[in-house]
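The data block below is protein.tsv; it holds TSV, C-alpha atoms.
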```
chain	number	residue	atom	x	y	z
A	1	MET	CA	48.30	1.39	58.62
A	2	LEU	CA	47.67	-1.18	55.87
A	3	ALA	CA	49.10	-4.69	56.11
A	4	ALA	CA	51.59	-3.99	53.31
A	5	GLU	CA	52.78	-0.86	55.13
A	6	ARG	CA	53.20	-2.84	58.37
A	7	HIS	CA	55.22	-5.47	56.51
A	8	ASP	CA	57.53	-2.81	55.10
A	9	HIS	CA	57.88	-1.31	58.57
A	10	LEU	CA	58.74	-4.69	60.09
A	11	LEU	CA	61.32	-5.50	57.42
A	12	ALA	CA	62.94	-2.08	57.83
A	13	LEU	CA	63.07	-2.60	61.59
A	14	LEU	CA	64.59	-6.06	61.14
A	15	ALA	CA	67.27	-4.66	58.83
A	16	ARG	CA	68.05	-1.79	61.20
A	17	GLU	CA	67.88	-3.52	64.59
A	18	GLY	CA	68.62	-7.13	63.68
A	19	LYS	CA	65.51	-8.36	65.48
A	20	ILE	CA	61.80	-7.70	66.00
A	21	VAL	CA	60.19	-7.75	69.45
A	22	ALA	CA	56.46	-8.18	68.87
A	23	LYS	CA	55.26	-6.42	72.03
A	24	ASP	CA	57.44	-3.37	71.33
A	25	VAL	CA	56.19	-3.11	67.75
A	26	ALA	CA	52.58	-3.46	68.89
A	27	ALA	CA	53.02	-0.69	71.46
A	28	GLY	CA	54.76	1.57	68.96
A	29	LEU	CA	52.11	1.15	66.27
A	30	GLY	CA	49.15	1.05	68.61
A	31	ILE	CA	48.00	-2.37	67.38
A	32	SER	CA	47.57	-5.75	69.05
A	33	GLU	CA	50.38	-8.28	69.43
A	34	ASP	CA	48.16	-10.75	67.57
A	35	SER	CA	48.28	-8.45	64.53
A	36	VAL	CA	52.08	-8.30	64.71
A	37	ARG	CA	52.36	-12.06	65.08
A	38	ARG	CA	50.08	-12.53	62.08
A	39	ASP	CA	52.27	-10.19	60.03
A	40	LEU	CA	55.38	-12.12	61.12
A	41	ARG	CA	53.77	-15.41	60.12
A	42	GLU	CA	53.10	-14.00	56.66
A	43	LEU	CA	56.65	-12.67	56.31
A	44	ALA	CA	58.10	-15.97	57.51
A	45	ALA	CA	55.97	-17.87	55.00
A	46	ASP	CA	57.59	-15.75	52.28
A	47	GLY	CA	61.05	-16.54	53.66
A	48	LEU	CA	61.67	-12.95	54.79
A	49	CYS	CA	62.25	-13.59	58.52
A	50	GLN	CA	62.62	-16.40	61.04
A	51	ARG	CA	60.02	-16.37	63.77
A	52	VAL	CA	61.31	-16.92	67.31
A	53	TYR	CA	59.67	-16.67	70.71
A	54	GLY	CA	58.48	-13.08	71.16
A	55	GLY	CA	59.27	-11.86	67.66
A	56	ALA	CA	61.57	-12.57	64.72
A	57	LEU	CA	65.19	-12.62	63.56
A	58	PRO	CA	66.82	-12.37	60.13
A	59	VAL	CA	66.55	-15.60	58.17
A	60	SER	CA	69.84	-17.34	57.39
A	61	PRO	CA	71.06	-17.20	53.76
A	62	ALA	CA	72.45	-20.71	54.28
A	63	VAL	CA	69.01	-22.30	53.80
A	64	ALA	CA	69.47	-22.17	50.03
A	65	ASN	CA	70.17	-25.45	48.23
A	66	TYR	CA	73.66	-26.98	48.30
A	67	ALA	CA	74.68	-25.84	44.83
A	68	ALA	CA	73.56	-22.26	45.45
A	69	ARG	CA	75.36	-22.08	48.81
A	70	HIS	CA	78.74	-22.54	47.12
A	71	ALA	CA	78.30	-18.99	45.82
A	72	VAL	CA	77.46	-17.52	49.25
A	73	ALA	CA	80.46	-15.79	50.91
A	74	PRO	CA	83.15	-18.06	49.39
A	75	ASP	CA	85.98	-15.81	50.64
A	76	GLY	CA	84.60	-15.86	54.19
A	77	LYS	CA	84.28	-19.64	54.11
A	78	ARG	CA	87.89	-20.00	52.92
A	79	LYS	CA	89.10	-17.76	55.75
A	80	VAL	CA	87.11	-19.73	58.34
A	81	ALA	CA	88.34	-23.00	56.84
A	82	ALA	CA	91.99	-21.96	57.08
A	83	VAL	CA	91.68	-21.22	60.81
A	84	ALA	CA	89.72	-24.41	61.41
A	85	ALA	CA	92.22	-26.58	59.53
A	86	ALA	CA	95.03	-25.23	61.72
A	87	LEU	CA	93.29	-26.74	64.78
A	88	VAL	CA	93.78	-30.27	63.45
A	89	ARG	CA	96.96	-31.71	64.95
A	90	PRO	CA	99.18	-34.36	63.36
A	91	GLY	CA	98.10	-37.75	64.64
A	92	GLY	CA	94.83	-36.32	65.92
A	93	SER	CA	91.26	-37.30	65.17
A	94	LEU	CA	88.61	-35.03	63.66
A	95	ILE	CA	84.86	-35.26	63.21
A	96	LEU	CA	84.11	-33.05	60.22
A	97	ASP	CA	80.53	-32.01	59.51
A	98	GLY	CA	79.09	-31.56	56.03
A	99	GLY	CA	78.11	-28.45	54.09
A	100	THR	CA	80.04	-25.97	52.03
A	101	THR	CA	82.20	-24.57	54.85
A	102	ALA	CA	83.17	-28.06	56.02
A	103	LEU	CA	84.10	-28.91	52.44
A	104	ALA	CA	86.35	-25.84	52.43
A	105	VAL	CA	87.99	-27.16	55.63
A	106	ALA	CA	88.67	-30.52	53.97
A	107	ARG	CA	90.32	-28.74	51.06
A	108	ALA	CA	92.38	-26.61	53.47
A	109	LEU	CA	93.90	-29.56	55.34
A	110	PRO	CA	97.60	-29.94	54.46
A	111	TYR	CA	98.23	-32.64	51.88
A	112	ASP	CA	100.88	-34.30	54.04
A	113	LEU	CA	98.88	-34.22	57.30
A	114	SER	CA	98.48	-37.56	59.07
A	115	CYS	CA	95.24	-37.75	61.04
A	116	THR	CA	91.91	-39.51	61.28
A	117	VAL	CA	88.84	-37.84	59.77
A	118	ILE	CA	85.32	-39.05	60.52
A	119	THR	CA	82.55	-37.54	58.42
A	120	HIS	CA	78.98	-38.16	57.29
A	121	SER	CA	79.52	-36.12	54.15
A	122	PRO	CA	80.29	-37.91	50.87
A	123	THR	CA	81.62	-34.69	49.34
A	124	VAL	CA	84.04	-34.19	52.26
A	125	ALA	CA	85.16	-37.80	51.97
A	126	VAL	CA	85.84	-37.44	48.24
A	127	ALA	CA	87.85	-34.24	48.88
A	128	LEU	CA	90.17	-36.20	51.19
A	129	LEU	CA	90.64	-39.31	49.06
A	130	ASP	CA	94.00	-38.18	47.71
A	131	HIS	CA	95.43	-37.26	51.15
A	132	PRO	CA	97.77	-40.20	51.80
A	133	GLY	CA	98.07	-39.64	55.55
A	134	VAL	CA	94.35	-39.29	56.27
A	135	GLU	CA	92.58	-42.32	57.71
A	136	LEU	CA	89.03	-41.76	56.52
A	137	PHE	CA	85.78	-43.04	58.05
A	138	LEU	CA	82.48	-42.32	56.29
A	139	LEU	CA	79.30	-42.63	58.35
A	140	GLY	CA	76.28	-43.81	56.38
A	141	GLY	CA	72.54	-43.26	56.42
A	142	ARG	CA	69.82	-41.48	54.46
A	143	VAL	CA	71.38	-38.73	52.35
A	144	PHE	CA	69.98	-35.27	53.07
A	145	LYS	CA	70.65	-33.60	49.72
A	146	HIS	CA	70.33	-30.02	51.00
A	147	SER	CA	73.71	-30.36	52.73
A	148	ALA	CA	74.98	-33.56	51.03
A	149	VAL	CA	75.21	-35.44	54.34
A	150	ALA	CA	73.90	-38.66	55.85
A	151	CYS	CA	71.19	-38.20	58.49
A	152	GLY	CA	68.49	-40.25	60.16
A	153	ALA	CA	68.51	-43.05	62.72
A	154	ALA	CA	71.21	-45.15	61.02
A	155	ALA	CA	73.60	-42.19	60.79
A	156	VAL	CA	73.01	-41.15	64.40
A	157	GLU	CA	73.62	-44.73	65.57
A	158	ALA	CA	76.87	-44.87	63.58
A	159	ALA	CA	77.99	-41.57	65.13
A	160	GLN	CA	77.49	-42.97	68.63
A	161	ASN	CA	80.22	-45.54	67.98
A	162	VAL	CA	83.04	-43.11	67.17
A	163	SER	CA	85.05	-40.55	69.12
A	164	ALA	CA	87.50	-37.79	68.28
A	165	ASP	CA	89.62	-35.00	69.71
A	166	LEU	CA	87.85	-32.29	67.73
A	167	CYS	CA	84.52	-31.71	66.00
A	168	LEU	CA	84.14	-28.95	63.42
A	169	LEU	CA	80.45	-28.25	63.03
A	170	GLY	CA	78.57	-26.09	60.54
A	171	VAL	CA	75.27	-24.36	61.30
A	172	THR	CA	73.01	-22.02	59.34
A	173	GLY	CA	72.34	-19.50	62.11
A	174	VAL	CA	74.37	-18.08	65.01
A	175	HIS	CA	72.69	-15.80	67.53
A	176	PRO	CA	73.39	-15.20	71.24
A	177	GLU	CA	69.69	-15.56	72.10
A	178	ALA	CA	68.41	-18.03	69.51
A	179	GLY	CA	71.60	-20.07	69.76
A	180	LEU	CA	73.01	-22.33	67.06
A	181	THR	CA	70.38	-23.35	64.56
A	182	THR	CA	69.81	-25.22	61.33
A	183	ALA	CA	66.86	-25.68	59.01
A	184	ASP	CA	66.19	-29.42	59.30
A	185	ALA	CA	65.27	-31.40	62.43
A	186	GLU	CA	67.11	-34.60	61.45
A	187	GLU	CA	70.23	-32.67	60.48
A	188	ALA	CA	70.13	-30.89	63.84
A	189	ALA	CA	69.93	-34.27	65.62
A	190	MET	CA	72.89	-35.56	63.61
A	191	LYS	CA	74.96	-32.51	64.47
A	192	ARG	CA	74.23	-33.06	68.18
A	193	ALA	CA	75.25	-36.70	67.86
A	194	LEU	CA	78.55	-35.74	66.22
A	195	ALA	CA	79.37	-33.01	68.75
A	196	ALA	CA	78.70	-35.40	71.63
A	197	ARG	CA	81.52	-37.67	70.44
A	198	ALA	CA	84.31	-35.08	70.49
A	199	ALA	CA	86.37	-33.57	73.29
A	200	ASP	CA	85.98	-30.09	71.77
A	201	THR	CA	83.45	-28.68	69.33
A	202	TYR	CA	84.13	-25.56	67.26
A	203	ILE	CA	81.44	-23.89	65.18
A	204	LEU	CA	82.18	-22.84	61.58
A	205	ALA	CA	80.30	-19.63	60.80
A	206	SER	CA	81.16	-17.14	58.09
A	207	ALA	CA	79.97	-13.60	58.78
A	208	GLU	CA	76.64	-13.79	56.94
A	209	LYS	CA	75.37	-16.37	59.48
A	210	ILE	CA	75.99	-14.17	62.53
A	211	GLY	CA	72.76	-12.67	63.86
A	212	THR	CA	70.51	-15.00	61.86
A	213	ALA	CA	68.38	-17.97	62.85
A	214	SER	CA	66.80	-21.11	61.44
A	215	GLN	CA	64.02	-23.28	62.76
A	216	TYR	CA	65.82	-26.00	64.77
A	217	ARG	CA	68.28	-25.53	67.61
A	218	VAL	CA	71.48	-27.57	67.41
A	219	LEU	CA	73.45	-27.02	70.63
A	220	PRO	CA	73.45	-24.80	73.70
A	221	TRP	CA	76.44	-22.51	74.07
A	222	ALA	CA	77.61	-24.46	77.14
A	223	GLU	CA	78.47	-27.43	74.89
A	224	VAL	CA	80.58	-25.38	72.46
A	225	SER	CA	84.31	-24.75	72.88
A	226	GLY	CA	84.70	-22.07	70.24
A	227	LEU	CA	83.32	-20.11	67.30
A	228	ILE	CA	85.37	-19.57	64.14
A	229	THR	CA	84.15	-16.61	62.10
A	230	ASP	CA	85.35	-13.87	59.79
A	231	ALA	CA	82.86	-11.42	61.32
A	232	ASP	CA	84.12	-8.16	62.81
A	233	PRO	CA	85.33	-8.97	66.36
A	234	ARG	CA	83.75	-5.66	67.46
A	235	ASP	CA	80.34	-6.91	66.36
A	236	ARG	CA	77.98	-6.74	69.34
A	237	LEU	CA	76.58	-10.21	68.68
A	238	VAL	CA	80.05	-11.77	68.47
A	239	ALA	CA	80.95	-10.15	71.79
A	240	GLU	CA	77.75	-11.48	73.36
A	241	VAL	CA	78.63	-15.01	72.26
A	242	GLY	CA	82.09	-14.60	73.78
A	243	ALA	CA	80.48	-13.60	77.07
A	244	PHE	CA	79.12	-17.16	77.33
A	245	GLY	CA	82.68	-18.40	77.72
A	246	VAL	CA	82.97	-19.44	74.06
A	247	GLU	CA	86.42	-18.92	72.52
A	248	ILE	CA	86.17	-16.61	69.50
A	249	LEU	CA	88.66	-17.30	66.71
A	250	ILE	CA	88.63	-14.52	64.13
A	251	ALA	CA	89.49	-15.53	60.58
A	252	ARG	CA	91.15	-12.75	58.62
```

Written as structure tokens, how would this file's structure read?
Amino acid sequence: MLAAERHDHLLALLAREGKIVAKDVAAGLGISEDSVRRDLRELAADGLCQRVYGGALPVSPAVANYAARHAVAPDGKRKVAAVAAALVRPGGSLILDGGTTALAVARALPYDLSCTVITHSPTVAVALLDHPGVELFLLGGRVFKHSAVACGAAAVEAAQNVSADLCLLGVTGVHPEAGLTTADAEEAAMKRALAARAADTYILASAEKIGTASQYRVLPWAEVSGLITDADPRDRLVAEVGAFGVEILIAR
């Protein structure tokens, strides 16, 4: 089998099964695992899969630039945002992550809601400027333009000096085995810092992120209170996440 034929086979398997296990592919094709791993490296370099230990997973569509991501699953993001906004109680405090889904949450918060919102996203802050009852804290640092958020040492240090009842956190990939992932190491560190300062952390994940992975792990499932998604609740991967004790909130 030629390399191009193997690549097509691997991509078809990934689309059908949702993952590639290198040793199983090698046994099935009668080739070495080294050959499969080389093929996966080439596919990953072209952005066609995300390599993980032992194989590969679908790459998240949320690794596109910030402007492009506004066009990815806007209805799903609005549904997730509506459920997430309902978790914010009057008089409560919220740490709100950046990204397009978090921006949808900011826009979904009731105009007359009185609460405290802490964010490292300038776009989220701007969206809440006209909410008279929102006490707004903006954490500063180096701006990571991919998600329009502050990251880096200064931002992490600022996050360590706040606390809240609830953290609503966006990620690019959600998978029961690969966990919660994102595409940038500093952004992953910032997300961990934010989640550590809240009593409860809920993950915002529209359906296209379920079953995908990015390069950097954000949090283990044990540190997550719930997952908010518009994915089918009968989805095997959603059920597997729920088996970790994570509350699943389905956005319809």

| message | Considering only C-alpha atoms, can you say which of A:Thr229, A:Thr181, A:Ser163, A:Thr172 comes closest to Lys77 of chain A? | response |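 Smallest separation from Lys77 of chain A among the options: A:Thr229.
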
| message | What's the separation between atom CA of Val162 of chain A and atom CA of Gly242 of chain A, in Å to one decimal place? | response |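 Interatomic distance, atom CA of Val162 of chain A to atom CA of Gly242 of chain A: 29.3 Å.
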
| query | At what distance in Å, to one decimal, does atom CA of Ile210 of chain A lie from atom CA of Ser147 of chain A? | reply | 19.1 Å

| said: Give me the residues near Ala81 of chain A as a count of residues only, where near means some atom within 8 Å (using only C-alpha atoms) and where sequence neighbours in that chain fewer than 2 positions away do not count. | reply: 12

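When only C-alpha atoms are used to measure the gap to Asp232 of chain A, the shortest distance among A:Gly152, A:Ala12, A:Gly76, A:Lys191 belongs to A:Gly76.
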
| query | So how far away is atom CA of Ala86 of chain A from atom CA of Ala155 of chain A, in Å? | reply |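 Distance between the two atoms: 27.3 Å.
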
| field | Nearest to Leu227 of chain A by atom-to-atom distance, counting only C-alpha atoms, from A:Lys145, A:His7, A:His175, A:His131 | value |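 Once distances to Leu227 of chain A are computed over only C-alpha atoms, the minimum belongs to A:His175.
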
| Using all atoms listed in the file, which of A:Cys49, A:Gly55, A:Arg142, A:Arg38 sits nearest Val25 of chain A? |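 Checking each candidate against Val25 of chain A, we get A:Gly55 as the closest.
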
| task | Tell me which of A:Cys167, A:Val224, A:Val126, A:Ile20 sits closest to Asp39 of chain A, counting all atoms listed in the file. | result |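 Going through A:Cys167, A:Val224, A:Val126, A:Ile20 one by one, the smallest distance to Asp39 of chain A is for A:Ile20.
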
| field | Shortest interatomic distance to Val80 of chain A - which of A:Ala213, A:Val59, A:Ala125, A:Leu103, counting only C-alpha atoms | value | A:Leu103

| request: Using only C-alpha atoms, determine which residues lie at most 10 Å from Asp200 of chain A, disregarding the query and same-chain residues fewer than 3 positions distant; provide the list as a VMD selection string. | output: chain A and resid 94 164 to 168 195 to 197 223 to 226

| request: Anything within 12 Å of (67.9, -33.1, 62.0): list those residues as a ChimeraX atom specification, counting all atoms listed in the file and sticking to the file's coordinates. | output: /A:142-144,146-147,149-153,155-156,171,181-194,215-219

| request: Find the residues around segment 22-24 of chain A up to 7 Å (only C-alpha atoms counted), leave out those fewer than 6 positions away in its own chain, and share them as a PyMOL selection string. | output: chain A and resi 33+36-37+54-55

| task | Quick one: everything within 12 Å of segment 112-115 of chain A, counting all atoms listed in the file, minus sequence neighbours fewer than 2 positions away in the same chain. Send it as an NGL selection string. | result | :A and (85-95 or 106-110 or 117-118 or 128 or 130-137 or 164-166)
